[in-house]
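So this block is data-v4.txt, compact mmCIF, C-alpha atoms:
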```txt
# COMPACT_ATOMS: atom_id res chain seq x y z
CA MET N 1 0.00 0.00 0.00
CA GLN N 2 1.40 3.35 -1.00
CA ALA N 3 1.14 6.63 0.84
CA SER N 4 -1.15 8.04 -1.84
CA ASP N 5 -3.57 5.12 -1.32
CA ARG N 6 -3.70 5.77 2.43
CA PHE N 7 -4.34 9.47 1.84
CA ASN N 8 -7.12 8.64 -0.60
CA ILE N 9 -8.76 6.21 1.84
CA ASN N 10 -8.54 8.73 4.68
CA SER N 11 -10.02 11.50 2.55
CA GLN N 12 -12.88 9.20 1.50
CA LEU N 13 -13.54 8.32 5.14
CA GLU N 14 -13.56 12.00 6.14
CA HIS N 15 -15.99 12.72 3.30
CA LEU N 16 -18.34 9.96 4.49
CA GLN N 17 -18.17 11.16 8.08
CA ALA N 18 -19.02 14.70 7.01
CA LYS N 19 -21.87 13.55 4.78
CA TYR N 20 -23.44 10.92 7.06
CA VAL N 21 -23.66 11.62 10.78
CA GLY N 22 -24.08 7.95 11.72
CA THR N 23 -20.67 6.87 10.41
CA GLY N 24 -19.01 8.22 13.54
CA HIS N 25 -15.57 9.65 14.20
CA ALA N 26 -12.77 9.27 16.71
CA ASP N 27 -14.30 11.68 19.26
CA LEU N 28 -17.72 9.99 19.29
CA ASN N 29 -18.61 8.60 22.70
CA ARG N 30 -20.76 5.56 23.43
CA PHE N 31 -23.92 7.55 24.19
CA GLU N 32 -23.75 9.57 20.95
CA TRP N 33 -23.18 6.37 18.97
CA ALA N 34 -26.22 4.73 20.60
CA VAL N 35 -28.37 7.81 19.87
CA ASN N 36 -27.34 7.71 16.19
CA ILE N 37 -28.22 4.02 15.94
CA GLN N 38 -31.62 4.49 17.61
CA ARG N 39 -32.52 7.51 15.49
CA ASP N 40 -31.51 5.72 12.30
CA SER N 41 -33.67 2.76 13.33
CA TYR N 42 -36.72 4.90 14.09
CA ALA N 43 -36.30 6.80 10.82
CA SER N 44 -36.15 3.50 8.96
CA TYR N 45 -39.28 2.24 10.71
CA ILE N 46 -41.16 5.42 9.77
CA GLY N 47 -39.86 5.44 6.19
CA HIS N 48 -40.69 1.82 5.36
CA TYR N 49 -44.46 1.46 5.42
CA PRO N 50 -44.63 -2.38 5.57
CA LEU N 51 -42.35 -2.39 8.61
CA LEU N 52 -44.43 0.32 10.26
CA ALA N 53 -47.59 -1.67 9.53
CA TYR N 54 -46.01 -4.78 11.04
CA PHE N 55 -45.17 -2.92 14.26
CA ALA N 56 -48.66 -1.40 14.37
CA ILE N 57 -50.28 -4.83 14.11
CA ALA N 58 -47.89 -6.32 16.69
CA GLU N 59 -48.67 -3.56 19.21
CA ASN N 60 -52.40 -3.36 18.32
CA GLU N 61 -52.16 0.36 17.49
CA SER N 62 -52.97 2.38 14.41
CA ILE N 63 -50.23 3.10 11.90
CA GLY N 64 -50.52 6.83 12.54
CA ARG N 65 -50.17 6.32 16.28
CA GLU N 66 -47.04 4.18 15.76
CA ARG N 67 -45.54 6.80 13.44
CA TYR N 68 -46.24 9.51 16.03
CA THR N 69 -44.75 7.37 18.82
CA TYR N 70 -41.55 6.72 16.85
CA MET N 71 -41.22 10.41 15.99
CA GLN N 72 -41.52 11.26 19.69
CA LYS N 73 -38.94 8.64 20.59
CA MET N 74 -36.50 10.20 18.12
CA LEU N 75 -36.18 13.27 20.35
CA LEU N 76 -34.48 11.45 23.24
CA PRO N 77 -34.06 7.85 22.10
CA CYS N 78 -31.62 6.85 24.86
CA GLY N 79 -32.75 9.20 27.59
CA LEU N 80 -30.87 12.23 28.85
CA PRO N 81 -27.15 12.39 28.08
CA PRO N 82 -24.80 11.42 30.89
CA GLU N 83 -22.97 14.08 32.85
CA ARG N 84 -19.59 14.88 31.30
CA GLU N 85 -16.55 14.86 33.47
CA GLU N 86 -14.53 18.01 32.98
CA ASP N 87 -10.76 17.67 33.14
```

Whole structure given in C-alpha cells:
Amino acid sequence: MQASDRFNINSQLEHLQAKYVGTGHADLNRFEWAVNIQRDSYASYIGHYPLLAYFAIAENESIGRERYTYMQKMLLPCGLPPEREED
C-alpha cells in the first residue's frame, strides 16, 4: 500500500463522516453512537411502510399512532445524556 492510497482512503472516510452523521468519528462517545443508531432505526421504521404496519399490528395500534410514537422517541431515544466529566 502506497502513501497516496492511504491518503485517498482517509479522505474518503472523512468525506463519508461529514456527509453521514451515523458513520461516527474518533471523538464519538458511546452515548452519541447509541443515539445515532436508535434515530436511524426509528427513521427507517417510519420510512418503510410495511415495517411500520407490522409494528402497528404487533402492538395493536394504528399506523398513525405508531408513526407519532416513533417520531416522539426520536427526540431522546436513549434518555438524557450522561454528565460529562470536565478535566

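Of note, CA of Tyr20 in chain N and CA of Tyr42 in chain N are spaced 16.2 Å apart.
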
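Taking CA of Arg67 in chain N as the reference point, CA of Gly47 in chain N is found at 9.3 Å.
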
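Considering all atoms listed in the file, the residue among N:Lys19, N:Ala58, N:Trp33, N:Leu13 positioned nearest to Pro77 in chain N is N:Trp33.
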
Note to self: Neighbouring residues of Arg84 in chain N were defined as those with any atom within 12 Å, considering all atoms listed in the file; residues of the same chain fewer than 3 positions away were excluded. Please report them as a ChimeraX atom specification.
What the structure shows: /N:29,31,80-81,87

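Across the model, the gap from CA of Glu83 in chain N to CA of Arg30 in chain N is 12.9 Å.
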
Checklist line | Pick from N:Glu85, N:Ile37, N:Gln12, N:Ile46 nearest to Thr69 in chain N, counting only C-alpha atoms | finding: N:Ile46

Note to self: Please list as a list in words every residue within 9 Å of Gly24 in chain N, counting only C-alpha atoms and excluding residues in the same chain fewer than 6 positions away.
What the structure shows: Gln17, Glu32, Trp33 and Asn36 of chain N

Next item on the list: Can you work out which one of N:Glu66, N:Glu61, N:Ala56, N:Gly79 has the shortest atom-to-atom distance to Gln38 in chain N, counting all atoms listed in the file?
Entry: N:Gly79
